[in-house]
Amino acid sequence: MTAGSSSPMPWPRIAVLGAGHSGPVIARIAVAAGFQVSIAASGDPEKIALITEVLVPGAEPRWAADAVEDADIVVLSIPLHRFPDFDPDLVAGKLVVDVMNYWPPVNGVVEMFEDRRYSSSEIVQRRLVRSTVVKTLNHIGYHEMEDDRRPAGSPERRALGVAGDARSAVDAVAEVIERIGYDTVRLDSLSAGRLLQPGGPVFGKSLHRTEFELAVRATAA
Amino acid sequence: MTTNASARFPLLLGLDTFGDTTNDAAGRPLTHAQTIRNLVEQGVLADQLGLDFFGIGEHHTDDWPLSAADVVLGAIAARTKRIHLGSAVTVLSSDDPVRVFQRYSTLNAISGGRAEVVLGRGSSIDSFPLFGYDLANYETLFEEKVNLFAELIKGGPVTWEGTTRAALINQDVVPHTESGPFPVWIGVGGSPQSVVRAAHYGFNLMLAIIGGSPSRFAPFSRLFEQALAKFEQPPRPIGVHGPGHVAATDETAREEFWPYYLDVFRRIGKTRGFATPTKEQFLHEVGPHGALYIGSPETVAQKIAANLPALHATRFDLKYGMGGLSHEALMTNIELYATQVAPRVRELME
């Protein structure tokens, strides 16, 4: 676990899959940060044209396959209970950001995620075998994502955890999160992503980077 | 196109409750039965003091024992003359739309045309296992059942087919309403697709804003207005459901509410795995950029009057109560809201 440091990299193109509660918010803050963003739901982009035009001006509604093809980073923000039907081929070879939560008291039981040996993102990774999965943005409320952004160096800047098995993927996603308006605390495995889950030490908590590091360290120890 | 909502729809101020179990003056929890009887008195008081709406949210837990809101609304209807009565919300996905129509159409009959219904999911999932529904089918259940309800509310024989219940063929569903459809709202907590769905059916939009900055919902109001135009529906009103507590002073309101808020959210947090709110977070929610309407009548009125125009809304329903507050504190809250907050909001928004 190390604190985020910024290094120059090209601006990745982002595809957001999901136009429910969190997808449009993530797309909007990504557009605001200057990224090229497309958004897709489960079918015809015409169905989300109005939502995109009003809620995410500047993003392009597309068919999921087209959005993914042209993207460097794919944000998976579908309802988790739909994930068992999600086609892994759709995101093969891509860096996938898992913003979903397995949260039975709120969203019900999903059998695939009941194996408590694994964090929910590990289960996502085991299914998306040809993708690289990184977990973040799951532990901040979708209703806070926009308001809580702060410029780098602001004493109020909130930290978000970014967890993954592949260091380069974690760094790439952390760069995006930092450009959007958050500090990052990088966790070096999807297994450690458990610390970001419901019931974990940072879920739903607004913490600065040092507080965040202390909270996850105390639990991990 | 943005429309001037206030020119088209009257300003309406109401109350919502989830029937949070109350304590007696000595702090002992009252029975569910007494909580329900008190609730009837609260609804009657709201009518006597001239409020526009009284809504009850369906819940199925020990903390919120209001599983049959329409029965309680029927009792209030029999003792009141003017106030509109409705759900806040009806969990349509785990109910039968035919029964929901029948119950609220009956309430409409008892009350002489004062029934309304707010359809939504709410934030609890208890009704799904209770009635044998799989939450994984939530979207299909809601979509189909709203579709059927839209047919039922038109009046007249209904022909409908879907996957979530038996088909209806030229079915007369009674009781008929006396003077056309009663108001139907879709309660929305954050799903843009629900906003578009409300517009598609020409229903009203109720924004349930229970955390964070109310102004972040302004894009939802724009989406609703543009979707209505796209579907060639006439303009429909937008309402706001917001939690709060009114007392004589800001400090009294905060200090009365905070211990119970902390207690309730600590328990919910434990079962749902989120952090217990801090006093600092609570005070942020109470402040101008938060979702809670807690304070003196002036403070609460100023906040409502600031948020409604920003959201193109013309109705505000204060969700009052919090498990453990006394019936007496709730009656004081209702009295202050009706006699001081409501007139002040009208004055500020003129």
# chains A, B, ... in the order shown; residues from 1 in each chain; ligands from 1

call {"tool": "residues_around", "arguments": {"residues": "A:Phe113", "least_positions_apart": "4", "cutoff": "7 Å", "atoms": "only C-alpha atoms", "output": "PyMOL selection string"}}
result
chain A and resi 102+120+123

call {"tool": "closest_atom_pairs", "arguments": {"of": "chain A", "to": "chain B", "cutoff": "6 Å", "atoms": "only C-alpha atoms", "output": "JSON lines"}}
result
{"residue": "A:Gly20", "atom": "CA", "partner": "B:Ser191", "partner_atom": "CA", "distance": 5.4}
{"residue": "A:His21", "atom": "CA", "partner": "B:Ser191", "partner_atom": "CA", "distance": 4.8}
{"residue": "A:Val54", "atom": "CA", "partner": "B:Leu223", "partner_atom": "CA", "distance": 5.9}
{"residue": "A:His81", "atom": "CA", "partner": "B:Ala136", "partner_atom": "CA", "distance": 6.0}
{"residue": "A:Pro105", "atom": "CA", "partner": "B:Arg272", "partner_atom": "CA", "distance": 5.6}
{"residue": "A:Gly108", "atom": "CA", "partner": "B:Leu135", "partner_atom": "CA", "distance": 5.9}
{"residue": "A:Pro198", "atom": "CA", "partner": "B:Gly273", "partner_atom": "CA", "distance": 4.8}
{"residue": "A:Gly199", "atom": "CA", "partner": "B:Gly273", "partner_atom": "CA", "distance": 3.8}
{"residue": "A:Phe203", "atom": "CA", "partner": "B:Phe274", "partner_atom": "CA", "distance": 5.8}
{"residue": "A:Gly204", "atom": "CA", "partner": "B:Phe274", "partner_atom": "CA", "distance": 5.8}

call {"tool": "atom_distance", "arguments": {"atom1": "atom CA of B:Phe265", "atom2": "atom CA of B:Met322"}}
result
10.2 Å

call {"tool": "residues_around", "arguments": {"residues": "A:Val173", "least_positions_apart": "2", "cutoff": "9 Å", "atoms": "only C-alpha atoms", "output": "VMD selection string"}}
result
chain A and resid 73 95 97 134 136 162 168 to 171 175 to 178

call {"tool": "write_last_selection", "arguments": {"atoms": "C-alpha atoms", "output": "PDB file, in the first residue's frame"}}
result
ATOM      1  CA  ILE A  73     -10.863   1.903 -19.274  1.00  0.00           C
ATOM      2  CA  LEU A  95      -9.000  -2.710 -17.925  1.00  0.00           C
ATOM      3  CA  VAL A  97     -13.135  -0.775 -13.024  1.00  0.00           C
ATOM      4  CA  VAL A 134      -9.524  -2.822 -10.436  1.00  0.00           C
ATOM      5  CA  THR A 136     -12.661   1.677  -6.641  1.00  0.00           C
ATOM      6  CA  VAL A 162      -7.969   1.742  -5.501  1.00  0.00           C
ATOM      7  CA  SER A 168       0.114  -0.761 -13.673  1.00  0.00           C
ATOM      8  CA  ALA A 169      -3.668  -1.056 -13.856  1.00  0.00           C
ATOM      9  CA  VAL A 170      -4.063   0.266 -10.315  1.00  0.00           C
ATOM     10  CA  ASP A 171      -1.829   3.209 -11.172  1.00  0.00           C
ATOM     11  CA  GLU A 175      -4.508   8.661 -12.076  1.00  0.00           C
ATOM     12  CA  VAL A 176      -8.081   8.982 -13.309  1.00  0.00           C
ATOM     13  CA  ILE A 177      -9.481   9.203  -9.777  1.00  0.00           C
ATOM     14  CA  GLU A 178      -6.941  11.876  -8.868  1.00  0.00           C
TER      15      GLU A 178
END

call {"tool": "residues_around", "arguments": {"residues": "A:Ser38", "least_positions_apart": "6", "cutoff": "12 Å", "atoms": "only C-alpha atoms", "output": "PyMOL selection string"}}
result
chain A and resi 12-19+23-24+26-28+30-31+45+48-49+52-53+56-75

call {"tool": "write_last_selection", "arguments": {"atoms": "N, CA and C atoms", "output": "short mmCIF file (atom, residue, chain, number, x, y, z; two decimals), in the first residue's frame"}}
result
data_model
loop_
_atom_site.label_atom_id
_atom_site.label_comp_id
_atom_site.auth_asym_id
_atom_site.auth_seq_id
_atom_site.Cartn_x
_atom_site.Cartn_y
_atom_site.Cartn_z
N PRO A 12 -6.66 8.46 -20.80
CA PRO A 12 -7.40 7.29 -21.30
C PRO A 12 -8.83 7.64 -21.67
N ARG A 13 -9.36 6.91 -22.64
CA ARG A 13 -10.78 7.05 -23.00
C ARG A 13 -11.59 6.11 -22.12
N ILE A 14 -12.73 6.59 -21.66
CA ILE A 14 -13.50 5.86 -20.65
C ILE A 14 -14.87 5.46 -21.20
N ALA A 15 -15.23 4.20 -20.99
CA ALA A 15 -16.60 3.75 -21.29
C ALA A 15 -17.28 3.38 -19.98
N VAL A 16 -18.45 3.95 -19.74
CA VAL A 16 -19.22 3.62 -18.55
C VAL A 16 -20.36 2.69 -18.96
N LEU A 17 -20.38 1.49 -18.37
CA LEU A 17 -21.47 0.56 -18.66
C LEU A 17 -22.46 0.62 -17.51
N GLY A 18 -23.67 1.09 -17.81
CA GLY A 18 -24.70 1.22 -16.78
C GLY A 18 -25.20 2.66 -16.72
N ALA A 19 -26.51 2.81 -16.81
CA ALA A 19 -27.12 4.15 -16.75
C ALA A 19 -28.12 4.22 -15.60
N GLY A 23 -23.83 5.10 -12.70
CA GLY A 23 -23.19 5.26 -14.01
C GLY A 23 -23.18 6.70 -14.51
N PRO A 24 -24.36 7.36 -14.58
CA PRO A 24 -24.36 8.74 -15.08
C PRO A 24 -23.54 9.71 -14.23
N ILE A 26 -20.78 8.94 -12.47
CA ILE A 26 -19.37 8.69 -12.77
C ILE A 26 -19.00 9.27 -14.13
N ALA A 27 -19.91 9.09 -15.09
CA ALA A 27 -19.65 9.65 -16.43
C ALA A 27 -19.55 11.17 -16.37
N ARG A 28 -20.42 11.78 -15.56
CA ARG A 28 -20.44 13.24 -15.50
C ARG A 28 -19.16 13.79 -14.88
N ALA A 30 -16.32 12.35 -14.82
CA ALA A 30 -15.21 12.05 -15.74
C ALA A 30 -15.17 13.07 -16.88
N VAL A 31 -16.34 13.42 -17.41
CA VAL A 31 -16.40 14.45 -18.45
C VAL A 31 -15.87 15.77 -17.89
N PRO A 45 -28.67 2.62 -27.72
CA PRO A 45 -28.29 3.90 -27.10
C PRO A 45 -29.39 4.96 -27.18
N ILE A 48 -31.10 5.71 -23.94
CA ILE A 48 -30.49 6.55 -22.90
C ILE A 48 -30.03 7.89 -23.46
N ALA A 49 -30.50 8.23 -24.68
CA ALA A 49 -30.07 9.47 -25.32
C ALA A 49 -30.47 10.69 -24.48
N THR A 52 -28.55 10.90 -21.20
CA THR A 52 -27.18 11.34 -21.43
C THR A 52 -27.15 12.84 -21.73
N GLU A 53 -28.05 13.28 -22.58
CA GLU A 53 -28.07 14.68 -22.99
C GLU A 53 -28.27 15.61 -21.78
N VAL A 56 -25.52 13.96 -18.52
CA VAL A 56 -24.09 13.79 -18.82
C VAL A 56 -23.74 14.49 -20.12
N PRO A 57 -24.04 15.79 -20.22
CA PRO A 57 -23.72 16.46 -21.48
C PRO A 57 -22.22 16.34 -21.76
N GLY A 58 -21.90 16.03 -23.01
CA GLY A 58 -20.49 15.85 -23.36
C GLY A 58 -20.10 14.40 -23.50
N ALA A 59 -20.93 13.48 -22.96
CA ALA A 59 -20.66 12.05 -23.13
C ALA A 59 -21.48 11.54 -24.31
N GLU A 60 -21.02 10.44 -24.87
CA GLU A 60 -21.69 9.90 -26.05
C GLU A 60 -22.42 8.59 -25.69
N PRO A 61 -23.75 8.52 -25.90
CA PRO A 61 -24.44 7.24 -25.68
C PRO A 61 -24.13 6.29 -26.83
N ARG A 62 -23.74 5.07 -26.53
CA ARG A 62 -23.35 4.11 -27.58
C ARG A 62 -23.85 2.72 -27.22
N TRP A 63 -23.82 1.83 -28.20
CA TRP A 63 -23.99 0.41 -27.90
C TRP A 63 -22.81 -0.01 -27.04
N ALA A 64 -23.04 -0.93 -26.10
CA ALA A 64 -21.98 -1.32 -25.17
C ALA A 64 -20.72 -1.81 -25.90
N ALA A 65 -20.89 -2.64 -26.93
CA ALA A 65 -19.74 -3.21 -27.63
C ALA A 65 -18.89 -2.11 -28.28
N ASP A 66 -19.56 -1.11 -28.86
CA ASP A 66 -18.83 -0.01 -29.51
C ASP A 66 -18.10 0.85 -28.47
N ALA A 67 -18.80 1.11 -27.37
CA ALA A 67 -18.20 1.93 -26.31
C ALA A 67 -16.95 1.25 -25.77
N VAL A 68 -17.04 -0.05 -25.53
CA VAL A 68 -15.90 -0.80 -24.97
C VAL A 68 -14.74 -0.85 -25.96
N GLU A 69 -15.06 -1.09 -27.22
CA GLU A 69 -14.02 -1.25 -28.23
C GLU A 69 -13.08 -0.05 -28.28
N ASP A 70 -13.66 1.14 -28.17
CA ASP A 70 -12.85 2.35 -28.28
C ASP A 70 -12.30 2.86 -26.96
N ALA A 71 -12.52 2.10 -25.89
CA ALA A 71 -12.14 2.61 -24.57
C ALA A 71 -10.86 1.98 -24.05
N ASP A 72 -10.12 2.75 -23.24
CA ASP A 72 -8.96 2.22 -22.54
C ASP A 72 -9.36 1.69 -21.17
N ILE A 73 -10.39 2.32 -20.59
CA ILE A 73 -10.86 1.90 -19.27
C ILE A 73 -12.38 1.73 -19.34
N VAL A 74 -12.86 0.59 -18.85
CA VAL A 74 -14.31 0.32 -18.84
C VAL A 74 -14.79 0.33 -17.39
N VAL A 75 -15.76 1.20 -17.09
CA VAL A 75 -16.32 1.25 -15.74
C VAL A 75 -17.58 0.39 -15.72
#

call {"tool": "residues_around", "arguments": {"residues": "stretch 171-188 of chain B", "least_positions_apart": "2", "cutoff": "7 Å", "atoms": "only C-alpha atoms", "output": "ChimeraX atom specification"}}
result
/B:89,102,105-106,115-120,153-159,168-169,190-191,194-195,198,203-208

call {"tool": "select_by_dssp", "arguments": {"residues": "stretch 4-155 of chain A", "states": "strand (DSSP E)", "output": "list of chain:residue names"}}
result
A:Ile14, A:Ala15, A:Val16, A:Leu17, A:Val37, A:Ser38, A:Ile39, A:Ala40, A:Glu60, A:Pro61, A:Ile73, A:Val74, A:Val75, A:Leu76, A:Leu95, A:Val96, A:Val97, A:Asp98, A:Thr132, A:Val133, A:Val134, A:Lys135

call {"tool": "write_last_selection", "arguments": {"atoms": "N, CA and C atoms", "output": "short mmCIF file (atom, residue, chain, number, x, y, z; two decimals), in the first residue's frame"}}
result
data_model
loop_
_atom_site.label_atom_id
_atom_site.label_comp_id
_atom_site.auth_asym_id
_atom_site.auth_seq_id
_atom_site.Cartn_x
_atom_site.Cartn_y
_atom_site.Cartn_z
N ILE A 14 -12.73 6.59 -21.66
CA ILE A 14 -13.50 5.86 -20.65
C ILE A 14 -14.87 5.46 -21.20
N ALA A 15 -15.23 4.20 -20.99
CA ALA A 15 -16.60 3.75 -21.29
C ALA A 15 -17.28 3.38 -19.98
N VAL A 16 -18.45 3.95 -19.74
CA VAL A 16 -19.22 3.62 -18.55
C VAL A 16 -20.36 2.69 -18.96
N LEU A 17 -20.38 1.49 -18.37
CA LEU A 17 -21.47 0.56 -18.66
C LEU A 17 -22.46 0.62 -17.51
N VAL A 37 -15.63 10.41 -22.79
CA VAL A 37 -16.47 9.42 -22.11
C VAL A 37 -17.62 8.97 -23.00
N SER A 38 -17.84 7.67 -23.04
CA SER A 38 -19.05 7.14 -23.65
C SER A 38 -19.82 6.38 -22.57
N ILE A 39 -21.14 6.25 -22.78
CA ILE A 39 -21.97 5.57 -21.78
C ILE A 39 -22.91 4.62 -22.51
N ALA A 40 -23.10 3.44 -21.92
CA ALA A 40 -23.95 2.44 -22.55
C ALA A 40 -24.81 1.75 -21.51
N GLU A 60 -21.02 10.44 -24.87
CA GLU A 60 -21.69 9.90 -26.05
C GLU A 60 -22.42 8.59 -25.69
N PRO A 61 -23.75 8.52 -25.90
CA PRO A 61 -24.44 7.24 -25.68
C PRO A 61 -24.13 6.29 -26.83
N ILE A 73 -10.39 2.32 -20.59
CA ILE A 73 -10.86 1.90 -19.27
C ILE A 73 -12.38 1.73 -19.34
N VAL A 74 -12.86 0.59 -18.85
CA VAL A 74 -14.31 0.32 -18.84
C VAL A 74 -14.79 0.33 -17.39
N VAL A 75 -15.76 1.20 -17.09
CA VAL A 75 -16.32 1.25 -15.74
C VAL A 75 -17.58 0.39 -15.72
N LEU A 76 -17.55 -0.63 -14.87
CA LEU A 76 -18.68 -1.55 -14.80
C LEU A 76 -19.59 -1.12 -13.65
N LEU A 95 -9.12 -3.06 -19.33
CA LEU A 95 -9.00 -2.71 -17.92
C LEU A 95 -10.41 -2.36 -17.44
N VAL A 96 -10.92 -3.13 -16.48
CA VAL A 96 -12.30 -2.96 -16.01
C VAL A 96 -12.29 -2.42 -14.58
N VAL A 97 -12.99 -1.32 -14.37
CA VAL A 97 -13.13 -0.78 -13.02
C VAL A 97 -14.44 -1.28 -12.44
N ASP A 98 -14.33 -2.03 -11.35
CA ASP A 98 -15.51 -2.60 -10.69
C ASP A 98 -15.96 -1.65 -9.59
N THR A 132 -8.56 -7.13 -16.86
CA THR A 132 -7.84 -6.78 -15.63
C THR A 132 -8.77 -5.92 -14.79
N VAL A 133 -9.09 -6.43 -13.61
CA VAL A 133 -10.11 -5.77 -12.78
C VAL A 133 -9.45 -4.93 -11.68
N VAL A 134 -9.95 -3.71 -11.52
CA VAL A 134 -9.52 -2.82 -10.44
C VAL A 134 -10.78 -2.36 -9.69
N LYS A 135 -10.69 -2.34 -8.38
CA LYS A 135 -11.85 -1.93 -7.57
C LYS A 135 -11.66 -0.51 -7.05
#

call {"tool": "atom_distance", "arguments": {"atom1": "atom CA of A:Pro88", "atom2": "atom CA of A:Arg167"}}
result
22.0 Å

call {"tool": "residues_around", "arguments": {"residues": "stretch 151-160 of chain A", "least_positions_apart": "4", "cutoff": "12 Å", "atoms": "only C-alpha atoms", "output": "PyMOL selection string"}}
result
chain A and resi 3-6+33+99+135-141+144-147+173-187+193+195-196+202-216

call {"tool": "write_last_selection", "arguments": {"atoms": "C-alpha atoms", "output": "PDB file, in the first residue's frame"}}
result
ATOM      1  CA  ALA A   3       0.052   6.804  -1.323  1.00  0.00           C
ATOM      2  CA  GLY A   4      -0.686   8.050  -4.831  1.00  0.00           C
ATOM      3  CA  SER A   5       1.944   9.928  -6.776  1.00  0.00           C
ATOM      4  CA  SER A   6       1.281  11.554 -10.091  1.00  0.00           C
ATOM      5  CA  ALA A  33     -12.300  16.214 -15.482  1.00  0.00           C
ATOM      6  CA  VAL A  99     -17.622  -0.057  -8.780  1.00  0.00           C
ATOM      7  CA  LYS A 135     -11.853  -1.929  -7.572  1.00  0.00           C
ATOM      8  CA  THR A 136     -12.661   1.677  -6.641  1.00  0.00           C
ATOM      9  CA  LEU A 137     -15.521   4.200  -6.260  1.00  0.00           C
ATOM     10  CA  ASN A 138     -17.667   1.516  -4.582  1.00  0.00           C
ATOM     11  CA  HIS A 139     -17.285   2.888  -1.070  1.00  0.00           C
ATOM     12  CA  ILE A 140     -18.407   6.467  -1.753  1.00  0.00           C
ATOM     13  CA  GLY A 141     -22.128   7.150  -2.169  1.00  0.00           C
ATOM     14  CA  GLU A 144     -21.483  12.264  -2.764  1.00  0.00           C
ATOM     15  CA  MET A 145     -19.254  11.668  -5.784  1.00  0.00           C
ATOM     16  CA  GLU A 146     -19.857  15.047  -7.332  1.00  0.00           C
ATOM     17  CA  ASP A 147     -19.980  17.276  -4.237  1.00  0.00           C
ATOM     18  CA  VAL A 173      -7.088   4.000 -12.536  1.00  0.00           C
ATOM     19  CA  ALA A 174      -5.651   5.977  -9.606  1.00  0.00           C
ATOM     20  CA  GLU A 175      -4.508   8.661 -12.076  1.00  0.00           C
ATOM     21  CA  VAL A 176      -8.081   8.982 -13.309  1.00  0.00           C
ATOM     22  CA  ILE A 177      -9.481   9.203  -9.777  1.00  0.00           C
ATOM     23  CA  GLU A 178      -6.941  11.876  -8.868  1.00  0.00           C
ATOM     24  CA  ARG A 179      -7.766  13.927 -11.954  1.00  0.00           C
ATOM     25  CA  ILE A 180     -11.453  13.660 -11.081  1.00  0.00           C
ATOM     26  CA  GLY A 181     -10.829  15.185  -7.656  1.00  0.00           C
ATOM     27  CA  TYR A 182      -9.792  12.662  -5.024  1.00  0.00           C
ATOM     28  CA  ASP A 183      -6.603  11.483  -3.373  1.00  0.00           C
ATOM     29  CA  THR A 184      -5.993   7.782  -3.717  1.00  0.00           C
ATOM     30  CA  VAL A 185      -4.780   5.023  -1.455  1.00  0.00           C
ATOM     31  CA  ARG A 186      -3.556   2.126  -3.560  1.00  0.00           C
ATOM     32  CA  LEU A 187      -4.073  -1.424  -2.320  1.00  0.00           C
ATOM     33  CA  GLY A 193     -10.311  -4.802  -1.896  1.00  0.00           C
ATOM     34  CA  LEU A 195     -11.277  -3.474   2.977  1.00  0.00           C
ATOM     35  CA  LEU A 196     -13.379  -1.253   0.692  1.00  0.00           C
ATOM     36  CA  VAL A 202     -13.854   2.852   5.028  1.00  0.00           C
ATOM     37  CA  PHE A 203     -17.249   2.027   3.511  1.00  0.00           C
ATOM     38  CA  GLY A 204     -19.346   5.175   3.363  1.00  0.00           C
ATOM     39  CA  LYS A 205     -16.743   7.173   5.303  1.00  0.00           C
ATOM     40  CA  SER A 206     -15.348  10.511   4.256  1.00  0.00           C
ATOM     41  CA  LEU A 207     -11.639  10.308   5.120  1.00  0.00           C
ATOM     42  CA  HIS A 208      -8.498  12.224   4.214  1.00  0.00           C
ATOM     43  CA  ARG A 209      -5.591  10.212   2.899  1.00  0.00           C
ATOM     44  CA  THR A 210      -3.772   9.740   6.191  1.00  0.00           C
ATOM     45  CA  GLU A 211      -7.002   8.791   7.987  1.00  0.00           C
ATOM     46  CA  PHE A 212      -7.840   6.370   5.200  1.00  0.00           C
ATOM     47  CA  GLU A 213      -4.411   4.750   5.367  1.00  0.00           C
ATOM     48  CA  LEU A 214      -4.687   4.357   9.126  1.00  0.00           C
ATOM     49  CA  ALA A 215      -8.168   2.848   8.859  1.00  0.00           C
ATOM     50  CA  VAL A 216      -7.201   0.201   6.320  1.00  0.00           C
TER      51      VAL A 216
END

call {"tool": "residues_around", "arguments": {"residues": "stretch 50-63 of chain B", "least_positions_apart": "2", "cutoff": "8 Å", "atoms": "only C-alpha atoms", "output": "VMD selection string"}}
result
chain B and resid 12 to 21 43 46 to 48 65 to 69 73 82 to 91 124 126 to 127 317 323 338 342

call {"tool": "write_last_selection", "arguments": {"atoms": "N, CA and C atoms", "output": "CSV table (one decimal), in the first residue's frame"}}
result
chain,number,residue,atom,x,y,z
B,12,LEU,N,-47.8,23.3,-2.5
B,12,LEU,CA,-48.5,22.4,-1.5
B,12,LEU,C,-47.5,21.9,-0.5
B,13,LEU,N,-47.9,21.9,0.8
B,13,LEU,CA,-47.0,21.5,1.9
B,13,LEU,C,-47.6,20.4,2.7
B,14,GLY,N,-46.9,19.3,2.8
B,14,GLY,CA,-47.5,18.2,3.5
B,14,GLY,C,-46.5,17.5,4.4
B,15,LEU,N,-46.9,16.4,4.9
B,15,LEU,CA,-46.1,15.6,5.8
B,15,LEU,C,-46.1,14.1,5.4
B,16,ASP,N,-44.9,13.5,5.6
B,16,ASP,CA,-44.8,12.0,5.4
B,16,ASP,C,-44.3,11.4,6.7
B,17,THR,N,-44.8,10.2,6.9
B,17,THR,CA,-44.2,9.4,8.1
B,17,THR,C,-44.0,8.0,7.7
B,18,PHE,N,-43.1,7.3,8.3
B,18,PHE,CA,-42.9,5.9,8.1
B,18,PHE,C,-43.5,5.2,9.3
B,19,GLY,N,-44.2,5.9,10.2
B,19,GLY,CA,-44.8,5.3,11.4
B,19,GLY,C,-43.7,4.9,12.4
B,20,ASP,N,-42.6,5.6,12.4
B,20,ASP,CA,-41.5,5.3,13.3
B,20,ASP,C,-42.1,5.0,14.7
B,21,THR,N,-41.7,3.9,15.4
B,21,THR,CA,-42.3,3.7,16.7
B,21,THR,C,-41.8,4.8,17.6
B,43,GLY,N,-52.4,12.6,11.9
B,43,GLY,CA,-53.0,12.9,10.6
B,43,GLY,C,-54.2,13.9,10.8
B,46,ALA,N,-52.9,17.3,11.5
B,46,ALA,CA,-52.3,17.9,10.2
B,46,ALA,C,-53.5,18.6,9.4
B,47,ASP,N,-54.6,17.9,9.4
B,47,ASP,CA,-55.8,18.4,8.7
B,47,ASP,C,-56.4,19.6,9.4
B,48,GLN,N,-56.5,19.5,10.7
B,48,GLN,CA,-57.1,20.7,11.4
B,48,GLN,C,-56.2,21.9,11.2
B,65,PRO,N,-43.6,-0.2,11.9
B,65,PRO,CA,-44.7,-1.2,11.7
B,65,PRO,C,-45.8,-0.9,10.8
B,66,LEU,N,-45.6,0.1,9.9
B,66,LEU,CA,-46.8,0.5,9.1
B,66,LEU,C,-46.8,-0.3,7.8
B,67,SER,N,-47.3,-1.5,7.9
B,67,SER,CA,-47.3,-2.4,6.7
B,67,SER,C,-48.6,-2.2,5.9
B,68,ALA,N,-49.7,-1.7,6.6
B,68,ALA,CA,-51.0,-1.5,5.9
B,68,ALA,C,-51.4,0.0,6.0
B,69,ALA,N,-50.6,0.8,5.3
B,69,ALA,CA,-50.8,2.2,5.4
B,69,ALA,C,-52.2,2.7,5.0
B,73,LEU,N,-54.8,5.3,6.7
B,73,LEU,CA,-55.3,6.5,6.0
B,73,LEU,C,-56.8,6.5,5.9
B,82,ARG,N,-60.3,17.9,4.5
B,82,ARG,CA,-59.6,18.7,3.5
B,82,ARG,C,-58.3,18.0,3.0
B,83,ILE,N,-57.6,17.5,3.9
B,83,ILE,CA,-56.2,17.1,3.6
B,83,ILE,C,-56.2,15.9,2.7
B,84,HIS,N,-55.2,15.9,1.7
B,84,HIS,CA,-55.1,14.7,0.8
B,84,HIS,C,-54.2,13.7,1.6
B,85,LEU,N,-54.6,12.4,1.2
B,85,LEU,CA,-54.0,11.3,2.0
B,85,LEU,C,-53.4,10.3,1.0
B,86,GLY,N,-52.2,9.8,1.3
B,86,GLY,CA,-51.6,8.9,0.3
B,86,GLY,C,-50.4,8.1,0.9
B,87,SER,N,-49.8,7.3,0.0
B,87,SER,CA,-48.7,6.5,0.4
B,87,SER,C,-47.4,7.3,0.2
B,88,ALA,N,-46.3,6.8,0.8
B,88,ALA,CA,-45.0,7.5,0.7
B,88,ALA,C,-43.8,6.6,1.0
B,89,VAL,N,-43.6,5.5,0.4
B,89,VAL,CA,-44.2,5.1,-0.9
B,89,VAL,C,-45.0,3.8,-0.7
B,90,THR,N,-45.7,3.4,-1.8
B,90,THR,CA,-46.2,2.0,-1.9
B,90,THR,C,-45.2,1.2,-2.6
B,91,VAL,N,-44.8,0.1,-2.1
B,91,VAL,CA,-43.8,-0.8,-2.7
B,91,VAL,C,-44.5,-1.6,-3.8
B,124,SER,N,-36.0,0.0,1.8
B,124,SER,CA,-36.0,-1.3,2.5
B,124,SER,C,-36.4,-2.4,1.5
B,126,ASP,N,-37.6,-5.4,2.8
B,126,ASP,CA,-38.2,-6.4,3.6
B,126,ASP,C,-39.5,-7.1,3.0
B,127,SER,N,-40.1,-6.3,2.1
B,127,SER,CA,-41.4,-6.8,1.6
B,127,SER,C,-41.1,-7.9,0.5
B,317,ASP,N,-43.0,17.6,1.1
B,317,ASP,CA,-43.5,16.7,2.1
B,317,ASP,C,-42.4,16.5,3.1
B,323,GLY,N,-37.4,7.1,15.1
B,323,GLY,CA,-37.7,6.1,16.1
B,323,GLY,C,-37.2,6.5,17.5
B,338,ALA,N,-47.1,23.3,10.5
B,338,ALA,CA,-48.4,23.8,9.9
B,338,ALA,C,-48.6,25.3,10.2
B,342,ALA,N,-45.2,26.5,7.2
B,342,ALA,CA,-46.0,26.5,5.9
B,342,ALA,C,-46.3,28.0,5.5

call {"tool": "select_by_dssp", "arguments": {"residues": "stretch 203-326 of chain B", "states": "helix (DSSP H, G or I)", "output": "PyMOL selection string"}}
result
chain B and resi 214-230+250-272+279-286+297-310
